[in-house]
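Novice: Got a structure for you, input31.cif, holding mmCIF, C-alpha atoms (C1' of nucleotides).
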data_query
#
loop_
_atom_site.group_PDB
_atom_site.id
_atom_site.type_symbol
_atom_site.label_atom_id
_atom_site.label_comp_id
_atom_site.auth_asym_id
_atom_site.auth_seq_id
_atom_site.Cartn_x
_atom_site.Cartn_y
_atom_site.Cartn_z
ATOM 1 C CA MET A 1 0.000 0.000 0.000
ATOM 2 C CA ILE A 2 1.101 3.577 -0.641
ATOM 3 C CA LYS A 3 1.126 6.093 2.204
ATOM 4 C CA GLN A 4 1.778 9.797 2.156
ATOM 5 C CA ILE A 5 3.719 11.126 5.165
ATOM 6 C CA ASN A 6 3.854 14.884 5.375
ATOM 7 C CA ASP A 7 5.471 15.305 8.798
ATOM 8 C CA ASP A 8 9.198 14.873 9.537
ATOM 9 C CA PHE A 9 10.135 11.341 8.494
ATOM 10 C CA ASP A 10 13.550 10.074 7.419
ATOM 11 C CA LEU A 11 14.102 6.313 7.308
ATOM 12 C CA ASP A 12 17.893 6.560 7.179
ATOM 13 C CA LYS A 13 18.034 8.894 10.155
ATOM 14 C CA ILE A 14 15.684 6.700 12.180
ATOM 15 C CA ALA A 15 17.685 3.586 11.309
ATOM 16 C CA GLU A 16 20.956 5.214 12.383
ATOM 17 C CA SER A 17 19.589 6.913 15.483
ATOM 18 C CA GLY A 18 20.531 4.082 17.826
ATOM 19 C CA GLN A 19 17.005 3.337 19.057
ATOM 20 C CA CYS A 20 16.366 0.332 16.784
ATOM 21 C CA PHE A 21 18.744 -2.440 15.758
ATOM 22 C CA ARG A 22 16.764 -4.540 13.290
ATOM 23 C CA PHE A 23 16.482 -2.098 10.403
ATOM 24 C CA GLU A 24 18.224 -3.358 7.279
ATOM 25 C CA ARG A 25 18.727 -1.123 4.275
ATOM 26 C CA ILE A 26 18.087 -3.408 1.327
ATOM 27 C CA ASN A 27 19.259 -0.967 -1.339
ATOM 28 C CA PRO A 28 22.515 0.463 -0.017
ATOM 29 C CA GLY A 29 23.892 3.365 -1.978
ATOM 30 C CA GLU A 30 20.661 4.295 -3.704
ATOM 31 C CA GLN A 31 19.147 7.702 -3.204
ATOM 32 C CA LEU A 32 15.685 6.694 -2.005
ATOM 33 C CA PRO A 33 15.970 4.277 0.911
ATOM 34 C CA ALA A 34 14.283 0.889 1.111
ATOM 35 C CA TYR A 35 14.307 -1.005 4.391
ATOM 36 C CA ARG A 36 13.387 -4.356 5.806
ATOM 37 C CA ILE A 37 12.199 -3.667 9.333
ATOM 38 C CA ILE A 38 11.740 -6.323 12.002
ATOM 39 C CA ALA A 39 9.777 -5.282 15.090
ATOM 40 C CA GLY A 40 8.597 -7.815 17.617
ATOM 41 C CA ALA A 41 7.206 -10.656 15.531
ATOM 42 C CA ALA A 42 6.461 -8.496 12.481
ATOM 43 C CA CYS A 43 8.439 -7.706 9.350
ATOM 44 C CA LEU A 44 7.830 -4.818 6.971
ATOM 45 C CA TYR A 45 9.402 -3.783 3.680
ATOM 46 C CA MET A 46 9.199 -0.015 3.368
ATOM 47 C CA THR A 47 10.370 1.881 0.317
ATOM 48 C CA ALA A 48 10.623 5.645 -0.095
ATOM 49 C CA LEU A 49 9.118 6.822 -3.372
ATOM 50 C CA GLY A 50 10.016 10.492 -2.942
ATOM 51 C CA GLU A 51 7.950 13.557 -2.026
ATOM 52 C CA GLY A 52 6.911 11.951 1.262
ATOM 53 C CA ALA A 53 5.335 8.916 -0.390
ATOM 54 C CA TYR A 54 6.162 5.408 0.848
ATOM 55 C CA ASP A 55 5.340 1.906 -0.247
ATOM 56 C CA LEU A 56 4.627 -0.448 2.671
ATOM 57 C CA ASP A 57 4.090 -4.137 2.021
ATOM 58 C CA CYS A 58 1.413 -4.604 4.654
ATOM 59 C CA THR A 59 -2.365 -4.610 4.650
ATOM 60 C CA ALA A 60 -4.413 -1.562 5.569
ATOM 61 C CA GLU A 61 -5.471 -3.382 8.713
ATOM 62 C CA GLU A 62 -1.853 -4.079 9.721
ATOM 63 C CA TYR A 63 -0.973 -0.478 9.030
ATOM 64 C CA GLU A 64 -3.758 0.901 11.188
ATOM 65 C CA SER A 65 -3.341 -1.576 14.022
ATOM 66 C CA PHE A 66 0.458 -1.589 14.208
ATOM 67 C CA TRP A 67 2.782 0.282 11.849
ATOM 68 C CA SER A 68 1.120 3.676 12.020
ATOM 69 C CA GLY A 69 1.531 3.647 15.775
ATOM 70 C CA TYR A 70 5.012 2.119 15.550
ATOM 71 C CA PHE A 71 6.258 5.106 13.554
ATOM 72 C CA ASP A 72 4.450 7.501 15.928
ATOM 73 C CA LEU A 73 2.674 9.046 12.955
ATOM 74 C CA GLN A 74 -0.039 10.741 14.974
ATOM 75 C CA ALA A 75 2.544 13.045 16.569
ATOM 76 C CA ASP A 76 3.537 16.353 14.976
ATOM 77 C CA TYR A 77 7.327 16.520 15.020
ATOM 78 C CA ARG A 78 7.425 19.741 13.033
ATOM 79 C CA ALA A 79 5.479 21.435 15.780
ATOM 80 C CA ILE A 80 7.763 19.909 18.401
ATOM 81 C CA ARG A 81 10.802 21.279 16.542
ATOM 82 C CA ALA A 82 9.124 24.664 16.181
ATOM 83 C CA ARG A 83 9.193 25.051 19.965
ATOM 84 C CA ILE A 84 12.952 25.566 19.817
ATOM 85 C CA ASP A 85 13.929 29.237 19.892
ATOM 86 C CA LYS A 86 16.849 29.785 17.518
ATOM 87 C CA ALA A 87 18.192 32.801 19.385
ATOM 88 C CA ALA A 88 17.806 31.297 22.847
ATOM 89 C CA ASP A 89 19.306 27.899 21.986
ATOM 90 C CA PRO A 90 21.269 27.973 18.717
ATOM 91 C CA PHE A 91 22.889 24.602 19.368
ATOM 92 C CA LEU A 92 19.657 22.662 19.800
ATOM 93 C CA TYR A 93 18.132 24.568 16.893
ATOM 94 C CA ALA A 94 20.994 23.526 14.608
ATOM 95 C CA ALA A 95 20.830 19.946 15.847
ATOM 96 C CA ALA A 96 17.086 19.681 15.196
ATOM 97 C CA GLU A 97 17.422 21.228 11.732
ATOM 98 C CA SER A 98 20.226 18.862 10.808
ATOM 99 C CA GLU A 99 18.595 15.749 12.270
ATOM 100 C CA GLN A 100 15.024 16.522 11.275
ATOM 101 C CA GLY A 101 13.269 13.310 10.272
ATOM 102 C CA ILE A 102 14.091 11.357 13.414
ATOM 103 C CA ARG A 103 11.041 10.069 15.262
ATOM 104 C CA ILE A 104 10.742 8.149 18.520
ATOM 105 C CA LEU A 105 9.421 4.746 17.496
ATOM 106 C CA ARG A 106 6.858 3.026 19.680
ATOM 107 C CA GLN A 107 8.758 -0.198 20.254
ATOM 108 C CA ASP A 108 7.900 -3.067 22.550
ATOM 109 C CA PRO A 109 9.065 -2.461 26.140
ATOM 110 C CA TRP A 110 10.233 -6.037 26.674
ATOM 111 C CA GLU A 111 12.269 -5.925 23.463
ATOM 112 C CA MET A 112 13.785 -2.593 24.538
ATOM 113 C CA LEU A 113 14.608 -3.948 27.996
ATOM 114 C CA ILE A 114 16.711 -6.767 26.579
ATOM 115 C CA THR A 115 18.098 -4.764 23.674
ATOM 116 C CA PHE A 116 19.406 -1.954 25.870
ATOM 117 C CA ILE A 117 20.866 -4.333 28.435
ATOM 118 C CA ILE A 118 22.751 -5.817 25.500
ATOM 119 C CA SER A 119 23.764 -2.338 24.307
ATOM 120 C CA GLN A 120 25.838 -1.407 27.327
ATOM 121 C CA ASN A 121 29.505 -0.799 26.658
ATOM 122 C CA ARG A 122 29.190 -1.782 22.973
ATOM 123 C CA ASN A 123 28.999 -0.143 19.600
ATOM 124 C CA ILE A 124 26.051 -0.383 17.267
ATOM 125 C CA PRO A 125 27.251 -3.139 14.885
ATOM 126 C CA ALA A 126 27.980 -5.374 17.879
ATOM 127 C CA ILE A 127 24.537 -4.687 19.363
ATOM 128 C CA ARG A 128 22.834 -5.605 16.096
ATOM 129 C CA ARG A 129 24.741 -8.865 15.863
ATOM 130 C CA SER A 130 23.882 -9.949 19.378
ATOM 131 C CA VAL A 131 20.186 -9.051 19.052
ATOM 132 C CA GLU A 132 20.033 -11.022 15.824
ATOM 133 C CA MET A 133 21.787 -14.014 17.384
ATOM 134 C CA LEU A 134 19.447 -13.977 20.378
ATOM 135 C CA ALA A 135 16.419 -13.934 18.064
ATOM 136 C CA GLU A 136 17.900 -16.843 16.114
ATOM 137 C CA ALA A 137 18.614 -18.728 19.304
ATOM 138 C CA CYS A 138 15.086 -18.689 20.675
ATOM 139 C CA GLY A 139 12.705 -16.597 18.547
ATOM 140 C CA ASP A 140 10.070 -18.056 16.234
ATOM 141 C CA GLN A 141 11.256 -18.485 12.688
ATOM 142 C CA ARG A 142 8.979 -16.841 10.142
ATOM 143 C CA VAL A 143 8.899 -16.064 6.455
ATOM 144 C CA ASP A 144 8.383 -12.515 5.206
ATOM 145 C CA ARG A 145 6.372 -11.470 2.142
ATOM 146 C CA ARG A 146 9.387 -11.860 -0.097
ATOM 147 C CA GLY A 147 10.015 -15.423 0.989
ATOM 148 C CA ARG A 148 12.980 -14.607 3.192
ATOM 149 C CA SER A 149 13.099 -16.045 6.680
ATOM 150 C CA TYR A 150 13.515 -14.007 9.831
ATOM 151 C CA TYR A 151 13.285 -14.559 13.569
ATOM 152 C CA ALA A 152 10.734 -12.831 15.781
ATOM 153 C CA PHE A 153 12.028 -11.207 18.917
ATOM 154 C CA PRO A 154 11.729 -13.986 21.532
ATOM 155 C CA ALA A 155 9.247 -13.994 24.423
ATOM 156 C CA PRO A 156 10.449 -13.680 28.041
ATOM 157 C CA GLU A 157 9.824 -17.405 28.629
ATOM 158 C CA ALA A 158 12.049 -18.319 25.677
ATOM 159 C CA VAL A 159 14.897 -16.081 26.840
ATOM 160 C CA ALA A 160 14.582 -17.227 30.441
ATOM 161 C CA ALA A 161 14.857 -20.824 29.269
ATOM 162 C CA LEU A 162 18.243 -20.289 27.608
ATOM 163 C CA SER A 163 21.324 -21.566 29.427
ATOM 164 C CA GLN A 164 24.233 -19.263 30.198
ATOM 165 C CA GLU A 165 26.142 -21.221 27.591
ATOM 166 C CA GLN A 166 23.536 -20.462 24.923
ATOM 167 C CA LEU A 167 23.517 -16.790 25.859
ATOM 168 C CA LYS A 168 27.283 -16.735 25.719
ATOM 169 C CA ASP A 169 27.052 -17.998 22.152
ATOM 170 C CA CYS A 170 25.092 -14.825 21.349
ATOM 171 C CA LYS A 171 28.269 -12.926 22.322
ATOM 172 C CA LEU A 172 26.602 -11.289 25.290
ATOM 173 C CA GLY A 173 29.715 -11.577 27.441
ATOM 174 C CA TYR A 174 29.247 -10.449 31.038
ATOM 175 C CA ARG A 175 25.670 -9.356 30.182
ATOM 176 C CA CYS A 176 24.429 -12.980 30.027
ATOM 177 C CA LYS A 177 23.388 -12.994 33.665
ATOM 178 C CA TYR A 178 21.664 -9.611 33.279
ATOM 179 C CA VAL A 179 19.583 -10.887 30.355
ATOM 180 C CA SER A 180 18.565 -13.997 32.290
ATOM 181 C CA ALA A 181 17.615 -11.964 35.348
ATOM 182 C CA ALA A 182 15.549 -9.498 33.303
ATOM 183 C CA ALA A 183 13.689 -12.298 31.526
ATOM 184 C CA ALA A 184 12.972 -13.981 34.855
ATOM 185 C CA ALA A 185 11.742 -10.718 36.393
ATOM 186 C CA VAL A 186 9.274 -10.167 33.571
ATOM 187 C CA MET A 187 8.181 -13.794 33.463
ATOM 188 C CA GLU A 188 7.577 -13.968 37.217
ATOM 189 C CA GLY A 189 5.730 -10.660 37.259
ATOM 190 C CA ALA A 190 8.339 -8.965 39.462
ATOM 191 C CA ILE A 191 8.057 -6.094 37.028
ATOM 192 C CA ASP A 192 5.015 -5.074 34.960
ATOM 193 C CA LEU A 193 6.326 -3.230 31.922
ATOM 194 C CA THR A 194 2.890 -2.486 30.502
ATOM 195 C CA ALA A 195 1.791 -0.830 33.729
ATOM 196 C CA LEU A 196 4.862 1.422 33.580
ATOM 197 C CA LYS A 197 3.544 3.066 30.424
ATOM 198 C CA GLU A 198 1.176 5.055 32.626
ATOM 199 C CA ALA A 199 3.598 5.563 35.527
ATOM 200 C CA ASP A 200 5.438 8.803 36.222
ATOM 201 C CA GLU A 201 9.114 9.043 35.414
ATOM 202 C CA ALA A 202 10.490 8.715 38.934
ATOM 203 C CA ALA A 203 8.502 5.536 39.570
ATOM 204 C CA THR A 204 9.446 4.180 36.139
ATOM 205 C CA LEU A 205 13.180 4.630 36.666
ATOM 206 C CA LYS A 206 12.970 3.183 40.156
ATOM 207 C CA ALA A 207 11.190 0.064 38.913
ATOM 208 C CA LEU A 208 13.502 -0.424 35.938
ATOM 209 C CA THR A 209 16.767 0.109 37.815
ATOM 210 C CA ALA A 210 15.624 -2.516 40.325
ATOM 211 C CA ILE A 211 16.324 -5.068 37.572
ATOM 212 C CA TYR A 212 19.793 -6.590 37.825
ATOM 213 C CA GLY A 213 21.944 -5.125 35.068
ATOM 214 C CA VAL A 214 19.770 -2.071 34.454
ATOM 215 C CA GLY A 215 21.297 1.228 35.549
ATOM 216 C CA LYS A 216 20.075 4.762 35.072
ATOM 217 C CA LYS A 217 21.131 5.118 31.461
ATOM 218 C CA VAL A 218 19.617 1.857 30.238
ATOM 219 C CA ALA A 219 16.458 2.540 32.257
ATOM 220 C CA SER A 220 16.091 5.928 30.568
ATOM 221 C CA CYS A 221 16.447 4.305 27.138
ATOM 222 C CA ILE A 222 13.760 1.737 27.970
ATOM 223 C CA SER A 223 11.530 4.543 29.208
ATOM 224 C CA LEU A 224 12.031 6.648 26.086
ATOM 225 C CA PHE A 225 12.035 3.957 23.415
ATOM 226 C CA GLY A 226 9.916 1.216 25.000
ATOM 227 C CA LEU A 227 7.383 3.109 27.099
ATOM 228 C CA HIS A 228 7.267 6.188 24.871
ATOM 229 C CA HIS A 229 7.958 8.518 27.762
ATOM 230 C CA VAL A 230 9.219 11.206 25.416
ATOM 231 C CA ASP A 231 10.423 13.378 28.281
ATOM 232 C CA ALA A 232 12.940 10.733 29.414
ATOM 233 C CA PHE A 233 16.505 11.934 28.897
ATOM 234 C CA PRO A 234 19.179 9.216 28.658
ATOM 235 C CA ILE A 235 22.629 10.491 29.570
ATOM 236 C CA ASP A 236 25.409 8.449 28.001
ATOM 237 C CA VAL A 237 29.007 9.400 27.269
ATOM 238 C CA TRP A 238 27.978 11.499 24.253
ATOM 239 C CA VAL A 239 25.241 13.428 26.033
ATOM 240 C CA LYS A 240 27.650 13.979 28.905
ATOM 241 C CA ARG A 241 30.001 15.695 26.453
ATOM 242 C CA ILE A 242 27.144 17.737 25.001
ATOM 243 C CA LEU A 243 26.021 18.949 28.405
ATOM 244 C CA ALA A 244 29.572 19.826 29.401
ATOM 245 C CA GLN A 245 30.522 21.574 26.173
ATOM 246 C CA GLU A 246 27.278 23.188 25.014
ATOM 247 C CA TYR A 247 25.462 23.789 28.306
ATOM 248 C CA PRO A 248 28.154 24.580 30.898
ATOM 249 C CA ASP A 249 25.594 26.552 32.942
ATOM 250 C CA GLY A 250 23.060 23.733 32.962
ATOM 251 C CA TYR A 251 20.556 22.304 30.526
ATOM 252 C CA PRO A 252 17.055 23.875 30.503
ATOM 253 C CA TYR A 253 14.995 20.736 31.062
ATOM 254 C CA ASP A 254 11.998 22.731 32.247
ATOM 255 C CA ARG A 255 11.811 24.722 29.048
ATOM 256 C CA TYR A 256 11.669 21.575 26.916
ATOM 257 C CA ARG A 257 9.187 19.507 28.893
ATOM 258 C CA PRO A 258 7.468 17.256 27.940
ATOM 259 C CA TYR A 259 9.721 16.522 24.930
ATOM 260 C CA ASN A 260 13.194 16.353 26.441
ATOM 261 C CA GLY A 261 13.777 12.888 25.009
ATOM 262 C CA ILE A 262 13.015 13.968 21.451
ATOM 263 C CA TYR A 263 15.429 16.884 21.674
ATOM 264 C CA GLN A 264 17.995 14.567 23.220
ATOM 265 C CA GLN A 265 17.778 12.417 20.084
ATOM 266 C CA TYR A 266 18.482 15.384 17.808
ATOM 267 C CA MET A 267 21.497 16.427 19.879
ATOM 268 C CA PHE A 268 22.818 12.889 20.189
ATOM 269 C CA ALA A 269 22.670 12.227 16.444
ATOM 270 C CA TYR A 270 24.073 15.664 15.651
ATOM 271 C CA TYR A 271 27.125 15.213 17.860
ATOM 272 C CA ARG A 272 27.823 11.752 16.528
ATOM 273 C CA HIS A 273 27.663 13.027 12.967
ATOM 274 C CA MET A 274 29.941 15.908 13.841
ATOM 275 C CA GLY A 275 32.505 13.341 14.955
ATOM 276 C CA VAL A 276 33.354 15.466 17.942
ATOM 277 C CA VAL A 277 36.529 14.433 19.695
ATOM 278 C CA LYS A 278 37.344 14.416 23.380
ATOM 279 C "C1'" DA B 279 24.315 8.954 52.019
ATOM 280 C "C1'" DG B 280 26.975 9.254 47.862
ATOM 281 C "C1'" DG B 281 31.342 8.965 45.100
ATOM 282 C "C1'" DC B 282 35.029 6.375 42.982
ATOM 283 C "C1'" DA B 283 38.199 2.510 41.254
ATOM 284 C "C1'" DG B 284 38.399 -1.755 39.132
ATOM 285 C "C1'" DG B 285 36.587 -5.449 36.531
ATOM 286 C "C1'" DC B 286 33.857 -7.341 33.016
ATOM 287 C "C1'" DT B 287 33.059 -10.038 27.341
ATOM 288 C "C1'" DT B 288 33.544 -9.007 22.771
ATOM 289 C "C1'" DT B 289 33.906 -6.205 18.757
ATOM 290 C "C1'" DT B 290 35.379 -2.300 16.236
ATOM 291 C "C1'" DA B 291 38.417 1.259 14.582
ATOM 292 C "C1'" DT C 292 45.511 -0.632 22.095
ATOM 293 C "C1'" DA C 293 41.541 2.044 23.351
ATOM 294 C "C1'" DA C 294 36.930 2.809 23.147
ATOM 295 C "C1'" DA C 295 32.319 1.260 22.797
ATOM 296 C "C1'" DA C 296 24.043 4.644 24.023
ATOM 297 C "C1'" DG C 297 27.394 0.951 31.349
ATOM 298 C "C1'" DC C 298 26.640 -1.657 35.500
ATOM 299 C "C1'" DC C 299 28.021 -4.137 39.676
ATOM 300 C "C1'" DT C 300 30.791 -4.766 43.683
ATOM 301 C "C1'" DG C 301 33.681 -3.265 47.241
ATOM 302 C "C1'" DC C 302 35.647 0.417 49.696
ATOM 303 C "C1'" DC C 303 35.875 4.991 51.637
#
What would you get if you wrote out this structure as structure tokens?

Specialist:
Amino acid sequence: MIKQINDDFDLDKIAESGQCFRFERINPGEQLPAYRIIAGAACLYMTALGEGAYDLDCTAEEYESFWSGYFDLQADYRAIRARIDKAADPFLYAAAESEQGIRILRQDPWEMLITFIISQNRNIPAIRRSVEMLAEACGDQRVDRRGRSYYAFPAPEAVAALSQEQLKDCKLGYRCKYVSAAAAAVMEGAIDLTALKEADEAATLKALTAIYGVGKKVASCISLFGLHHVDAFPIDVWVKRILAQEYPDGYPYDRYRPYNGIYQQYMFAYYRHMGVVK
DNA sequence: AGGCAGGCTTTTA
DNA sequence: TAAAAGCCTGCC
């Protein structure tokens, strides 16, 4: 089906933003991007046709019930960018202009929990490999609309059932025990991720950091990317540099509520693209 | 209480 | 060899 998207939307920027790790560009080098996107148990081929038009190989029902929400298409990112005052905050303004097209996907909280535990102390290619290996190890094998097989992101029970040896084979290193503990916590009901969607940020971070292997940074990523708390503000090594170099007198969180997480994504991507040193 | 050093698997540049 | 969207433990 063909869909027209008139708000900010850039597949390449979303794929490289570091919030999703199962986007595969199937036409590298070409001007208009085409992607194979795996999310949860679903797989979508999405091709840019230009002028904001996209071809999605799903049914209208699948689009309405899942993909439209997944891409957060009911939100107005242009309006969110327009809140930035160029004179008051030239850095954030430049970042948002340059990185316009990023959106905060509505991904599954369980998938984000495991994915961001895996992400700690690793670069993006390594994260992608491990997520893929974990899906292969215990996710359901399926066939997409082009006849290619893929693996759904596994359920908590499937991950909890893996031995440390099997997790080690996914190259999870010292994170193996964290992944097991998180799967057990979800399976046993020690944590209710769905309920956290409605919780306030302090309670959310408290509940998430109670999971073995989840610190403040990973909890913030789960909150932002998995619970769609778009005010959550993950502080990693890059954001630390941004705050130190661009906002030595403090960052104006209050001014940017309730979208701090969206602005964080613009700044994060901008700094990475700038290749800032030190 | 809150801060800091050291260690941890593996990959990437 | 250092760094990578860090966290845990032990110590002060």

Novice: Return the neighbours of chain A among the residues of chain B, cut-off 8 Å, counting all atoms listed in the file, as a list in words.

Specialist: DC286, DT287, DT288, DT289 and DT290 of chain B

Novice: Just C-alpha atoms (C1' of nucleotides) for this one: save the residues we selected as a short mmCIF file (atom, residue, chain, number, x, y, z; two decimals), keeping the file's coordinate frame.

Specialist:
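The resulting out-v9.cif:
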data_model
loop_
_atom_site.label_atom_id
_atom_site.label_comp_id
_atom_site.auth_asym_id
_atom_site.auth_seq_id
_atom_site.Cartn_x
_atom_site.Cartn_y
_atom_site.Cartn_z
"C1'" DC B 286 33.86 -7.34 33.02
"C1'" DT B 287 33.06 -10.04 27.34
"C1'" DT B 288 33.54 -9.01 22.77
"C1'" DT B 289 33.91 -6.20 18.76
"C1'" DT B 290 35.38 -2.30 16.24
#

Novice: List the spatial neighbours of C:DT300 as a list in words - criterion: any atom at most 12 Å away, all atoms listed in the file, same-chain residues fewer than 4 positions off excluded.

Specialist: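 Near neighbours after the sequence-gap exclusion: DC282, DA283, DG284, DG285 and DC286 of chain B.
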
Novice: Looking at A:Leu162, A:Leu32, A:Ala219, A:Ala184, which one is nearest to chain C, with distances taken over only C-alpha atoms (C1' of nucleotides)?

Specialist: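 Among the listed residues, A:Ala219 lies closest to chain C.
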
Novice: Spell out the residues picked by the PyMOL selection byres ((chain A) within 12 of (chain C)) here, as a count of residues only.

Specialist: 48

Novice: In Å, rounded to a single decimal, give me how far atom CA of A:Asp12 is from atom CA of A:Gly147.

Specialist: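 About the pair atom CA of A:Gly147 and atom CA of A:Asp12: they are 24.2 Å apart.
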
Novice: Take every atom of chain B listed in the file, fit an axis-aligned box around them, add 8 Å per side, and give the centre and edge lengths in Å to one decimal as AutoDock Vina command-line options.

Specialist:
--center_x 31.4 --center_y -0.4 --center_z 33.3 --size_x 30.1 --size_y 35.3 --size_z 53.4

Novice: Might you pull out every residue within 9 Å of stretch 73-84 of chain A, with all atoms listed in the file counted and same-chain residues fewer than 5 positions away left off, and present them as JSON, numbers by chain?

Specialist: {"A": [5, 7, 8, 9, 67, 68, 89, 90, 92, 93, 96, 97, 100, 101, 102, 103, 256, 259, 262, 263]}

Novice: Calculate how many Å separate atom CA of A:Glu198 from atom CA of A:Ala39, rounding to one decimal.

Specialist: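 Between these atoms lies a distance of 22.1 Å.
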
Novice: Hey, what comes out of the PyMOL selection byres ((chain A and resi 232) around 7) on this file? Could you write it as a PyMOL selection string?

Specialist: chain A and resi 220+223-224+229-231+233-234+260-261

Novice: Take atom CA of A:Ile38 and atom CA of A:Gln4 and report the distance between them in Å, one decimal.

Specialist: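 These atoms are spaced 21.4 Å apart.
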
Novice: List the residues matched by the PyMOL selection byres ((chain A and resi 49-61) around 7) in the displayed structure as a list of chain:residue names, ordered by chain and then by residue number.

Specialist: A:Met1, A:Ile2, A:Lys3, A:Gln4, A:Ile5, A:Asn6, A:Leu32, A:Leu44, A:Tyr45, A:Met46, A:Thr47, A:Ala48, A:Glu62, A:Tyr63, A:Glu64, A:Ser65

Novice: Those selected residues, please, written with C-alpha atoms and delivered as a compact mmCIF listing (two decimals), in the coordinates of the input.

Specialist:
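Once written, part_16.txt looks like this:
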# COMPACT_ATOMS: atom_id res chain seq x y z
CA MET A 1 0.00 0.00 0.00
CA ILE A 2 1.10 3.58 -0.64
CA LYS A 3 1.13 6.09 2.20
CA GLN A 4 1.78 9.80 2.16
CA ILE A 5 3.72 11.13 5.16
CA ASN A 6 3.85 14.88 5.38
CA LEU A 32 15.68 6.69 -2.00
CA LEU A 44 7.83 -4.82 6.97
CA TYR A 45 9.40 -3.78 3.68
CA MET A 46 9.20 -0.02 3.37
CA THR A 47 10.37 1.88 0.32
CA ALA A 48 10.62 5.64 -0.10
CA GLU A 62 -1.85 -4.08 9.72
CA TYR A 63 -0.97 -0.48 9.03
CA GLU A 64 -3.76 0.90 11.19
CA SER A 65 -3.34 -1.58 14.02
